[in-house]
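Content type mmCIF, C-alpha atoms, from the file coords_16.cif:
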data_coords
loop_
_atom_site.group_PDB
_atom_site.id
_atom_site.type_symbol
_atom_site.label_atom_id
_atom_site.label_comp_id
_atom_site.auth_asym_id
_atom_site.auth_seq_id
_atom_site.Cartn_x
_atom_site.Cartn_y
_atom_site.Cartn_z
ATOM 1 C CA ARG J 1 40.765 61.265 -10.001
ATOM 2 C CA PRO J 2 38.210 59.724 -12.398
ATOM 3 C CA PRO J 3 38.713 56.057 -13.273
ATOM 4 C CA ALA J 4 40.128 55.183 -16.656
ATOM 5 C CA ILE J 5 37.635 54.156 -19.305
ATOM 6 C CA GLY J 6 37.293 50.354 -19.436
ATOM 7 C CA SER J 7 38.644 49.838 -15.921
ATOM 8 C CA SER J 8 37.119 47.239 -13.552
ATOM 9 C CA MET J 9 35.291 50.043 -11.799
ATOM 10 C CA ASN J 10 33.004 50.591 -14.771
ATOM 11 C CA PRO J 11 29.518 50.503 -13.168
ATOM 12 C CA MET J 12 27.842 49.192 -16.346
ATOM 13 C CA LYS J 13 30.302 46.285 -16.610
ATOM 14 C CA GLY J 14 29.740 45.410 -12.982
ATOM 15 C CA THR J 15 25.984 45.323 -13.552
ATOM 16 C CA THR J 16 26.385 43.043 -16.581
ATOM 17 C CA ASN J 17 28.530 40.586 -14.608
ATOM 18 C CA ALA J 18 25.977 40.540 -11.811
ATOM 19 C CA ARG J 19 23.224 39.723 -14.263
ATOM 20 C CA ARG J 20 25.303 36.892 -15.743
ATOM 21 C CA VAL J 21 25.923 35.437 -12.308
ATOM 22 C CA GLY J 22 22.234 35.751 -11.501
ATOM 23 C CA ARG J 23 21.194 33.970 -14.709
ATOM 24 C CA THR J 24 23.737 31.195 -14.060
ATOM 25 C CA GLY J 25 22.331 30.649 -10.601
ATOM 26 C CA VAL J 26 18.759 30.478 -11.901
ATOM 27 C CA ILE J 27 19.729 27.972 -14.607
ATOM 28 C CA ALA J 28 21.583 25.812 -12.092
ATOM 29 C CA GLY J 29 18.572 25.897 -9.809
ATOM 30 C CA LEU J 30 16.241 24.865 -12.617
ATOM 31 C CA LEU J 31 18.544 21.969 -13.505
ATOM 32 C CA LEU J 32 18.480 20.784 -9.913
ATOM 33 C CA VAL J 33 14.688 20.938 -9.886
ATOM 34 C CA ALA J 34 14.591 18.976 -13.150
ATOM 35 C CA VAL J 35 16.872 16.294 -11.771
ATOM 36 C CA TRP J 36 15.320 15.949 -8.331
ATOM 37 C CA GLY J 37 11.741 16.463 -9.533
ATOM 38 C CA HIS J 38 11.735 13.366 -11.747
ATOM 39 C CA PRO J 39 11.976 9.716 -10.667
ATOM 40 C CA ALA J 40 15.092 7.712 -11.328
ATOM 41 C CA PRO J 41 14.913 5.541 -14.443
ATOM 42 C CA ALA J 42 13.302 2.112 -14.213
ATOM 43 C CA THR J 43 15.613 -0.778 -13.421
ATOM 44 C CA LEU J 44 15.445 -4.531 -14.002
ATOM 45 C CA VAL J 45 16.471 -6.193 -10.736
ATOM 46 C CA VAL J 46 17.306 -9.919 -10.718
ATOM 47 C CA TRP J 47 16.780 -12.211 -7.727
ATOM 48 C CA ASP J 48 19.712 -14.448 -6.764
ATOM 49 C CA GLY J 49 18.539 -15.540 -3.309
ATOM 50 C CA SER J 50 22.115 -15.653 -2.082
ATOM 51 C CA GLU J 51 21.201 -14.933 1.558
ATOM 52 C CA GLY J 52 18.937 -17.958 1.724
ATOM 53 C CA ASP J 53 16.273 -16.238 3.856
ATOM 54 C CA GLY J 54 13.741 -15.740 1.048
ATOM 55 C CA ASP J 55 13.214 -12.102 2.077
ATOM 56 C CA PHE J 56 12.216 -9.909 -0.865
ATOM 57 C CA THR J 57 13.334 -6.757 0.947
ATOM 58 C CA ASN J 58 16.828 -8.055 1.771
ATOM 59 C CA ALA J 59 19.150 -6.300 -0.680
ATOM 60 C CA LEU J 60 21.672 -9.140 -0.472
ATOM 61 C CA ASN J 61 19.186 -11.440 -2.200
ATOM 62 C CA TRP J 62 19.477 -9.439 -5.426
ATOM 63 C CA VAL J 63 22.163 -9.217 -8.080
ATOM 64 C CA GLY J 64 24.252 -6.153 -7.242
ATOM 65 C CA ASP J 65 22.933 -6.216 -3.646
ATOM 66 C CA VAL J 66 20.185 -3.689 -4.381
ATOM 67 C CA ALA J 67 16.536 -4.657 -3.860
ATOM 68 C CA PRO J 68 13.722 -3.264 -6.046
ATOM 69 C CA ARG J 69 12.585 0.116 -4.774
ATOM 70 C CA ASN J 70 9.205 0.477 -3.112
ATOM 71 C CA THR J 71 7.673 2.834 -5.683
ATOM 72 C CA ASP J 72 5.036 2.485 -8.366
ATOM 73 C CA TYR J 73 7.044 3.806 -11.309
ATOM 74 C CA GLN J 74 10.524 2.347 -11.169
ATOM 75 C CA ASP J 75 11.663 -1.262 -10.829
ATOM 76 C CA THR J 76 10.758 -4.668 -12.226
ATOM 77 C CA ALA J 77 11.677 -7.727 -10.172
ATOM 78 C CA ILE J 78 12.931 -10.630 -12.286
ATOM 79 C CA PHE J 79 12.951 -14.268 -11.222
ATOM 80 C CA ASN J 80 14.907 -16.444 -13.629
ATOM 81 C CA ALA J 81 17.536 -19.180 -13.917
ATOM 82 C CA THR J 82 19.986 -17.078 -11.891
ATOM 83 C CA ALA J 83 18.480 -18.806 -8.848
ATOM 84 C CA THR J 84 16.636 -22.056 -8.145
ATOM 85 C CA PRO J 85 12.866 -21.412 -8.020
ATOM 86 C CA SER J 86 11.760 -21.105 -4.404
ATOM 87 C CA THR J 87 9.419 -19.278 -2.039
ATOM 88 C CA VAL J 88 10.027 -15.543 -1.661
ATOM 89 C CA ASN J 89 8.328 -13.668 1.160
ATOM 90 C CA LEU J 90 7.185 -10.044 1.118
ATOM 91 C CA PRO J 91 7.091 -8.793 4.737
ATOM 92 C CA SER J 92 4.885 -5.745 4.070
ATOM 93 C CA ALA J 93 2.791 -4.249 1.260
ATOM 94 C CA ARG J 94 4.862 -2.964 -1.630
ATOM 95 C CA SER J 95 4.511 -1.010 -4.881
ATOM 96 C CA ILE J 96 6.465 -2.085 -7.928
ATOM 97 C CA VAL J 97 6.241 -1.582 -11.685
ATOM 98 C CA GLY J 98 6.558 -5.220 -12.677
ATOM 99 C CA LEU J 99 7.000 -8.855 -11.706
ATOM 100 C CA ASP J 100 8.660 -11.038 -14.329
ATOM 101 C CA PHE J 101 8.852 -14.815 -13.848
ATOM 102 C CA GLN J 102 11.091 -16.168 -16.594
ATOM 103 C CA THR J 103 11.044 -19.695 -15.163
ATOM 104 C CA ALA J 104 8.369 -21.739 -13.379
ATOM 105 C CA GLY J 105 8.244 -22.953 -9.790
ATOM 106 C CA TRP J 106 8.213 -19.622 -7.923
ATOM 107 C CA THR J 107 5.906 -18.716 -5.042
ATOM 108 C CA LEU J 108 5.590 -15.142 -3.737
ATOM 109 C CA THR J 109 3.942 -15.085 -0.326
ATOM 110 C CA GLY J 110 3.262 -12.524 2.385
ATOM 111 C CA ALA J 111 1.838 -9.060 1.891
ATOM 112 C CA SER J 112 0.158 -7.557 -1.181
ATOM 113 C CA TRP J 113 1.624 -6.041 -4.345
ATOM 114 C CA SER J 114 0.307 -2.774 -5.747
ATOM 115 C CA ASN J 115 0.459 -0.691 -8.927
ATOM 116 C CA LEU J 116 1.819 -3.418 -11.183
ATOM 117 C CA ARG J 117 1.912 -2.286 -14.786
ATOM 118 C CA THR J 118 3.425 -5.507 -16.094
ATOM 119 C CA LEU J 119 3.111 -9.063 -14.838
ATOM 120 C CA SER J 120 4.786 -11.841 -16.811
ATOM 121 C CA SER J 121 4.990 -15.572 -16.205
ATOM 122 C CA ALA J 122 6.814 -18.112 -18.359
ATOM 123 C CA GLY J 123 8.289 -21.595 -18.214
ATOM 124 C CA THR J 124 6.594 -24.980 -18.187
ATOM 125 C CA GLY J 125 4.745 -25.247 -14.893
ATOM 126 C CA THR J 126 3.166 -22.937 -12.323
ATOM 127 C CA ASN J 127 4.030 -19.707 -10.544
ATOM 128 C CA ILE J 128 2.065 -18.485 -7.527
ATOM 129 C CA VAL J 129 1.595 -14.908 -6.321
ATOM 130 C CA ASN J 130 -0.199 -13.785 -3.203
ATOM 131 C CA TYR J 131 -2.675 -10.915 -3.213
ATOM 132 C CA LEU J 132 -2.443 -8.182 -5.876
ATOM 133 C CA ASN J 133 -3.921 -4.691 -5.830
ATOM 134 C CA ALA J 134 -4.426 -3.651 -9.443
ATOM 135 C CA PHE J 135 -4.235 0.116 -9.043
ATOM 136 C CA ALA J 136 -2.954 0.809 -12.570
ATOM 137 C CA ASP J 137 -3.871 -0.163 -16.118
ATOM 138 C CA ALA J 138 -1.676 -3.132 -16.920
ATOM 139 C CA THR J 139 -0.756 -5.944 -19.283
ATOM 140 C CA TRP J 140 -0.395 -9.397 -17.777
ATOM 141 C CA THR J 141 1.344 -11.978 -19.961
ATOM 142 C CA VAL J 142 1.173 -15.680 -19.155
ATOM 143 C CA GLN J 143 3.049 -17.685 -21.737
ATOM 144 C CA SER J 144 1.786 -20.916 -23.296
ATOM 145 C CA GLY J 145 2.550 -23.887 -21.047
ATOM 146 C CA ASN J 146 2.552 -21.729 -17.927
ATOM 147 C CA THR J 147 -0.090 -21.236 -15.231
ATOM 148 C CA LEU J 148 -0.051 -18.202 -12.959
ATOM 149 C CA VAL J 149 -2.091 -18.561 -9.770
ATOM 150 C CA LEU J 150 -3.273 -15.583 -7.721
ATOM 151 C CA ALA J 151 -3.495 -17.449 -4.424
ATOM 152 C CA THR J 152 -5.934 -15.108 -2.690
ATOM 153 C CA GLY J 153 -7.427 -13.344 -5.702
ATOM 154 C CA PHE J 154 -6.910 -9.641 -6.353
ATOM 155 C CA TYR J 155 -8.466 -6.210 -6.093
ATOM 156 C CA GLU J 156 -9.032 -4.125 -9.215
ATOM 157 C CA ARG J 157 -9.560 -0.400 -8.723
ATOM 158 C CA ASN J 158 -11.514 0.717 -11.827
ATOM 159 C CA LYS J 159 -8.578 -0.171 -14.066
ATOM 160 C CA ASN J 160 -8.265 -2.254 -17.232
ATOM 161 C CA ILE J 161 -6.052 -5.314 -17.341
ATOM 162 C CA THR J 162 -5.167 -7.029 -20.610
ATOM 163 C CA LEU J 163 -4.384 -10.757 -20.356
ATOM 164 C CA THR J 164 -2.395 -12.338 -23.172
ATOM 165 C CA GLY J 165 0.353 -14.865 -23.931
ATOM 166 C CA GLY J 166 -1.465 -18.163 -24.541
ATOM 167 C CA GLY J 167 -1.217 -19.443 -20.952
ATOM 168 C CA GLU J 168 -3.621 -19.652 -18.008
ATOM 169 C CA LEU J 169 -4.337 -17.223 -15.171
ATOM 170 C CA ILE J 170 -6.200 -18.565 -12.128
ATOM 171 C CA SER J 171 -7.808 -16.378 -9.480
ATOM 172 C CA THR J 172 -8.832 -18.418 -6.452
ATOM 173 C CA ALA J 173 -11.588 -15.955 -5.563
ATOM 174 C CA ALA J 174 -13.951 -13.465 -7.165
ATOM 175 C CA VAL J 175 -12.263 -10.140 -7.815
ATOM 176 C CA GLY J 176 -12.977 -7.122 -5.630
ATOM 177 C CA GLY J 177 -13.064 -3.552 -6.859
ATOM 178 C CA TYR J 178 -14.772 -0.180 -7.021
ATOM 179 C CA SER J 179 -18.507 0.185 -7.445
ATOM 180 C CA GLY J 180 -20.186 1.952 -10.350
ATOM 181 C CA THR J 181 -21.661 1.006 -13.704
ATOM 182 C CA VAL J 182 -20.986 -2.662 -14.405
ATOM 183 C CA GLY J 183 -18.771 -3.073 -17.457
ATOM 184 C CA ALA J 184 -17.028 0.290 -17.173
ATOM 185 C CA TRP J 185 -13.679 -1.495 -16.700
ATOM 186 C CA GLY J 186 -12.297 -4.963 -16.118
ATOM 187 C CA MET J 187 -10.261 -7.880 -17.449
ATOM 188 C CA HIS J 188 -9.713 -7.961 -21.219
ATOM 189 C CA LEU J 189 -8.904 -11.431 -22.512
ATOM 190 C CA LEU J 190 -6.871 -11.918 -25.646
ATOM 191 C CA ASP J 191 -5.167 -15.253 -26.440
ATOM 192 C CA ALA J 192 -5.307 -16.619 -22.894
ATOM 193 C CA THR J 193 -7.423 -18.586 -20.438
ATOM 194 C CA TYR J 194 -8.749 -16.939 -17.281
ATOM 195 C CA ARG J 195 -10.232 -19.157 -14.565
ATOM 196 C CA VAL J 196 -12.034 -17.745 -11.536
ATOM 197 C CA ASP J 197 -12.904 -20.145 -8.714
ATOM 198 C CA ALA J 198 -16.266 -18.486 -8.177
ATOM 199 C CA ALA J 199 -19.697 -18.300 -9.795
ATOM 200 C CA ASN J 200 -19.191 -14.640 -10.659
ATOM 201 C CA PRO J 201 -15.856 -13.177 -11.806
ATOM 202 C CA TYR J 202 -16.420 -10.065 -9.641
ATOM 203 C CA ASN J 203 -17.836 -9.505 -6.180
ATOM 204 C CA THR J 204 -21.316 -8.096 -5.748
ATOM 205 C CA GLY J 205 -21.227 -4.303 -5.895
ATOM 206 C CA CYS J 206 -18.040 -4.232 -7.950
ATOM 207 C CA ALA J 207 -18.304 -2.657 -11.413
ATOM 208 C CA GLY J 208 -15.827 -4.928 -13.193
ATOM 209 C CA ALA J 209 -16.537 -7.229 -16.140
ATOM 210 C CA VAL J 210 -14.615 -9.753 -18.208
ATOM 211 C CA PHE J 211 -14.281 -8.855 -21.898
ATOM 212 C CA LEU J 212 -13.571 -11.636 -24.402
ATOM 213 C CA ASP J 213 -11.726 -9.544 -26.975
ATOM 214 C CA HIS J 214 -10.154 -12.319 -29.053
ATOM 215 C CA LEU J 215 -11.296 -15.525 -30.786
ATOM 216 C CA LEU J 216 -8.876 -17.452 -28.538
ATOM 217 C CA ALA J 217 -10.102 -15.844 -25.312
ATOM 218 C CA THR J 218 -11.406 -18.329 -22.731
ATOM 219 C CA LEU J 219 -13.141 -17.688 -19.417
ATOM 220 C CA GLN J 220 -13.819 -20.467 -16.898
ATOM 221 C CA LEU J 221 -16.143 -20.076 -13.915
ATOM 222 C CA ARG J 222 -17.255 -22.396 -11.117
ATOM 223 C CA THR J 223 -20.958 -22.315 -11.907
ATOM 224 C CA SER J 224 -23.622 -23.872 -14.112
ATOM 225 C CA VAL J 225 -24.284 -23.228 -17.791
ATOM 226 C CA ALA J 226 -27.435 -21.302 -16.863
ATOM 227 C CA GLY J 227 -25.526 -19.309 -14.247
ATOM 228 C CA ALA J 228 -22.902 -18.240 -16.789
ATOM 229 C CA GLN J 229 -25.477 -17.408 -19.438
ATOM 230 C CA ALA J 230 -27.197 -15.068 -16.990
ATOM 231 C CA LEU J 231 -23.971 -13.040 -16.727
ATOM 232 C CA ILE J 232 -23.503 -12.514 -20.465
ATOM 233 C CA GLY J 233 -24.049 -8.889 -21.407
ATOM 234 C CA SER J 234 -23.188 -7.588 -17.947
ATOM 235 C CA ARG J 235 -20.316 -9.357 -16.195
ATOM 236 C CA ILE J 236 -19.242 -11.205 -19.333
ATOM 237 C CA VAL J 237 -18.917 -9.111 -22.496
ATOM 238 C CA ASP J 238 -18.500 -10.202 -26.103
ATOM 239 C CA GLY J 239 -15.689 -7.946 -27.284
ATOM 240 C CA VAL J 240 -15.368 -9.633 -30.676
ATOM 241 C CA GLY J 241 -18.999 -9.372 -31.713
ATOM 242 C CA SER J 242 -19.395 -12.947 -32.905
ATOM 243 C CA GLY J 243 -21.401 -14.160 -29.919
ATOM 244 C CA LEU J 244 -20.476 -16.208 -26.859
ATOM 245 C CA GLN J 245 -20.974 -19.888 -26.134
ATOM 246 C CA VAL J 246 -21.015 -21.725 -22.792
ATOM 247 C CA GLU J 247 -19.971 -25.330 -22.236
ATOM 248 C CA ASP J 248 -19.900 -27.541 -19.143
ATOM 249 C CA ILE J 249 -16.307 -28.819 -18.895
ATOM 250 C CA GLY J 250 -16.773 -30.879 -15.723
ATOM 251 C CA GLY J 251 -15.437 -30.527 -12.212
ATOM 252 C CA GLY J 252 -18.040 -27.884 -11.472
ATOM 253 C CA TYR J 253 -16.706 -25.503 -14.126
ATOM 254 C CA VAL J 254 -18.123 -24.029 -17.300
ATOM 255 C CA GLU J 255 -16.142 -22.481 -20.135
ATOM 256 C CA ILE J 256 -17.165 -19.362 -22.018
ATOM 257 C CA THR J 257 -15.634 -18.712 -25.432
ATOM 258 C CA THR J 258 -16.395 -16.652 -28.505
ATOM 259 C CA VAL J 259 -18.359 -18.240 -31.322
ATOM 260 C CA PRO J 260 -15.978 -18.895 -34.248
ATOM 261 C CA GLU J 261 -16.565 -16.520 -37.127
ATOM 262 C CA PRO J 262 -18.029 -18.118 -40.270
ATOM 263 C CA VAL J 263 -14.899 -17.417 -42.302
ATOM 264 C CA SER J 264 -12.727 -19.073 -39.683
ATOM 265 C CA SER J 265 -15.051 -22.087 -39.596
ATOM 266 C CA ALA J 266 -14.973 -22.383 -43.373
ATOM 267 C CA LEU J 267 -11.181 -22.243 -43.431
ATOM 268 C CA MET J 268 -10.945 -24.927 -40.760
ATOM 269 C CA LEU J 269 -13.415 -27.135 -42.637
ATOM 270 C CA GLY J 270 -11.448 -26.688 -45.871
ATOM 271 C CA ALA J 271 -8.202 -27.598 -44.141
ATOM 272 C CA ALA J 272 -9.833 -30.713 -42.666
ATOM 273 C CA LEU J 273 -11.102 -31.817 -46.103
ATOM 274 C CA LEU J 274 -7.608 -31.446 -47.571
ATOM 275 C CA LEU J 275 -6.309 -33.845 -44.948
#
Any chance you could give the structure as structure tokens?
Amino acid sequence: RPPAIGSSMNPMKGTTNARRVGRTGVIAGLLLVAVWGHPAPATLVVWDGSEGDGDFTNALNWVGDVAPRNTDYQDTAIFNATATPSTVNLPSARSIVGLDFQTAGWTLTGASWSNLRTLSSAGTGTNIVNYLNAFADATWTVQSGNTLVLATGFYERNKNITLTGGGELISTAAVGGYSGTVGAWGMHLLDATYRVDAANPYNTGCAGAVFLDHLLATLQLRTSVAGAQALIGSRIVDGVGSGLQVEDIGGGYVEITTVPEPVSSALMLGAALLL
């Protein structure tokens, strides 16, 4: 007996349903790939130090009991008034998007930090960070009144770092990095002071250079006036185009700044005469 027209045994209807189920499965699979194939969104994680052991990796030392993840595209660790400034130890090398010191008095010791895209330091006083590996282009902001010390210097892998904020960054050693054409990448100074406790801002064989890209940019080196002048045009680059000047500031250091533009000088002179 032939089936009635429109019954569930209709072969064409069965085929259509199968196709719908197949398409639904494919779409669901693509959604899963989309979800699992992308990193979780970045998170701001605040230190509270409640365990008292100073261990960066101890989840109980963080608000919400979740430590920053060890990846180069997700979390920023924040150190602020939630906890009293103290020494925080990093047991092993770690990747992180950002370090944000919102108060002064912090010291991060131990292993190295890698892939920072943001580094911020604020508050009246000093913050200290152990070794950094600059494996990503980044902006480092040191606010006016604050000094950020890189206790063992840092390594810059053919990336560009922009320093701004009006404060002072100190590297206790010449910076290491990849070889190549000198001046292909390096530290770009805006309204900030950068001091390197060495005669040359970069190690021999490293391609980095310091670019003074702002009228308020200041570079300090432990060398002589003649030694600094010999680096201009290679390791020290005039990014403004107004020329660079070198001054002995004592203590074994010289200071390199941009030459004030004539218009700026005229404005300052006019303001002085009005007073």
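Once the PyMOL selection byres ((chain J and resi 253) around 8) is applied to this file, the selection holds Gln220, Leu221, Arg222, Thr223, Ser224, Asp248, Ile249, Gly250, Gly251, Gly252, Val254 and Glu255 of chain J.
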For segment 117-119 of chain J, work out the shell of residues within 7 Å, counting all atoms listed in the file and skipping chain neighbours fewer than 5 positions away, then give it as a short mmCIF file (atom, residue, chain, number, x, y, z; two decimals) with C-alpha atoms, in the frame of the given file.
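Printed below is part.cif as written:
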data_model
loop_
_atom_site.label_atom_id
_atom_site.label_comp_id
_atom_site.auth_asym_id
_atom_site.auth_seq_id
_atom_site.Cartn_x
_atom_site.Cartn_y
_atom_site.Cartn_z
CA VAL J 97 6.24 -1.58 -11.68
CA GLY J 98 6.56 -5.22 -12.68
CA LEU J 99 7.00 -8.86 -11.71
CA ASP J 100 8.66 -11.04 -14.33
CA ALA J 136 -2.95 0.81 -12.57
CA ASP J 137 -3.87 -0.16 -16.12
CA ALA J 138 -1.68 -3.13 -16.92
CA THR J 139 -0.76 -5.94 -19.28
CA TRP J 140 -0.40 -9.40 -17.78
CA THR J 141 1.34 -11.98 -19.96
#
Problem set entry | Interatomic distance (Å, one decimal) between atom CA of Asp65 of chain J and atom CA of Ile78 of chain J | 13.9 Å
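Proximity ranking of J:Ile96, J:Val66, J:Met187, J:Val246 relative to Gly227 of chain J places J:Val246 first, based on all atoms listed in the file.
Reported to one decimal place, the separation of atom CA of Leu189 of chain J from atom CA of Lys159 of chain J is 14.1 Å.
Put simply, the PyMOL selection byres ((chain J and resi 216) around 10) on this file hits Thr164, Gly166, Leu189, Leu190, Asp191, Ala192, Thr193, Leu212, Asp213, His214, Leu215, Ala217, Thr218, Thr257, Thr258, Val259 and Pro260 of chain J.
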Name the residues in contact with segment 42-51 of chain J at a cut-off of 10 Å, using all atoms listed in the file, excluding same-chain residues fewer than 6 positions from it; report them as a compact mmCIF listing (two decimals) with C-alpha atoms, keeping the file's coordinate frame.
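Dumped everything to around28.txt:
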# COMPACT_ATOMS: atom_id res chain seq x y z
CA ASN J 58 16.83 -8.06 1.77
CA ALA J 59 19.15 -6.30 -0.68
CA LEU J 60 21.67 -9.14 -0.47
CA ASN J 61 19.19 -11.44 -2.20
CA TRP J 62 19.48 -9.44 -5.43
CA VAL J 63 22.16 -9.22 -8.08
CA GLY J 64 24.25 -6.15 -7.24
CA ASP J 65 22.93 -6.22 -3.65
CA VAL J 66 20.18 -3.69 -4.38
CA ALA J 67 16.54 -4.66 -3.86
CA PRO J 68 13.72 -3.26 -6.05
CA ARG J 69 12.58 0.12 -4.77
CA TYR J 73 7.04 3.81 -11.31
CA GLN J 74 10.52 2.35 -11.17
CA ASP J 75 11.66 -1.26 -10.83
CA THR J 76 10.76 -4.67 -12.23
CA ALA J 77 11.68 -7.73 -10.17
CA ILE J 78 12.93 -10.63 -12.29
CA PHE J 79 12.95 -14.27 -11.22
CA ASN J 80 14.91 -16.44 -13.63
CA ALA J 81 17.54 -19.18 -13.92
CA THR J 82 19.99 -17.08 -11.89
CA ALA J 83 18.48 -18.81 -8.85
CA THR J 84 16.64 -22.06 -8.14
CA PRO J 85 12.87 -21.41 -8.02
CA SER J 86 11.76 -21.10 -4.40
CA THR J 87 9.42 -19.28 -2.04
CA VAL J 88 10.03 -15.54 -1.66
CA VAL J 97 6.24 -1.58 -11.68
CA GLY J 98 6.56 -5.22 -12.68
CA LEU J 99 7.00 -8.86 -11.71
CA ASP J 100 8.66 -11.04 -14.33
Per residue of segment 107-139 of chain J within 10 Å of segment 177-181 of chain J, which atom pair is closest and at what distance in Å (one decimal), using only C-alpha atoms, listed by chain and increasing number, as CSV?
residue,atom,partner,partner_atom,distance
J:Asn133,CA,J:Gly177,CA,9.3
J:Ala134,CA,J:Gly177,CA,9.0
J:Phe135,CA,J:Gly177,CA,9.8
For this session: I would like the residues chosen by the PyMOL selection byres ((chain J and resi 95) around 9) on the shown file; could you give them as number ranges by chain?
Result: J: 69-73, 93-94, 96-97, 112-116
Seminar exercise, completed: Here atom CA of Asn89 of chain J and atom CA of Asn130 of chain J stand apart by 9.6 Å
Might you pull out every residue within 12 Å of Ser144 of chain J, with all atoms listed in the file counted and same-chain residues fewer than 2 positions away left off, and present them as a PDB file with C-alpha atoms, keeping the file's coordinate frame?
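Done, and the output landed in selection32.pdb:
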ATOM      1  CA  ALA J 104       8.369 -21.739 -13.379  1.00  0.00           C
ATOM      2  CA  SER J 120       4.786 -11.841 -16.811  1.00  0.00           C
ATOM      3  CA  SER J 121       4.990 -15.572 -16.205  1.00  0.00           C
ATOM      4  CA  ALA J 122       6.814 -18.112 -18.359  1.00  0.00           C
ATOM      5  CA  GLY J 123       8.289 -21.595 -18.214  1.00  0.00           C
ATOM      6  CA  THR J 124       6.594 -24.980 -18.187  1.00  0.00           C
ATOM      7  CA  GLY J 125       4.745 -25.247 -14.893  1.00  0.00           C
ATOM      8  CA  THR J 126       3.166 -22.937 -12.323  1.00  0.00           C
ATOM      9  CA  THR J 141       1.344 -11.978 -19.961  1.00  0.00           C
ATOM     10  CA  VAL J 142       1.173 -15.680 -19.155  1.00  0.00           C
ATOM     11  CA  ASN J 146       2.552 -21.729 -17.927  1.00  0.00           C
ATOM     12  CA  THR J 147      -0.090 -21.236 -15.231  1.00  0.00           C
ATOM     13  CA  LEU J 148      -0.051 -18.202 -12.959  1.00  0.00           C
ATOM     14  CA  THR J 164      -2.395 -12.338 -23.172  1.00  0.00           C
ATOM     15  CA  GLY J 165       0.353 -14.865 -23.931  1.00  0.00           C
ATOM     16  CA  GLY J 166      -1.465 -18.163 -24.541  1.00  0.00           C
ATOM     17  CA  GLY J 167      -1.217 -19.443 -20.952  1.00  0.00           C
ATOM     18  CA  GLU J 168      -3.621 -19.652 -18.008  1.00  0.00           C
ATOM     19  CA  LEU J 169      -4.337 -17.223 -15.171  1.00  0.00           C
ATOM     20  CA  ASP J 191      -5.167 -15.253 -26.440  1.00  0.00           C
ATOM     21  CA  ALA J 192      -5.307 -16.619 -22.894  1.00  0.00           C
ATOM     22  CA  THR J 193      -7.423 -18.586 -20.438  1.00  0.00           C
TER      23      THR J 193
END
Problem set entry | Residue with smallest distance to Ile161 of chain J - pool J:Asn203, J:Ala209, J:Val129, J:Val149, counting all atoms listed in the file | J:Ala209
Problem set entry | Nearest to Val196 of chain J, chosen from J:Gly183, J:Gly208, J:Gly153, J:Pro91, with all atoms listed in the file counted in the distances | J:Gly153
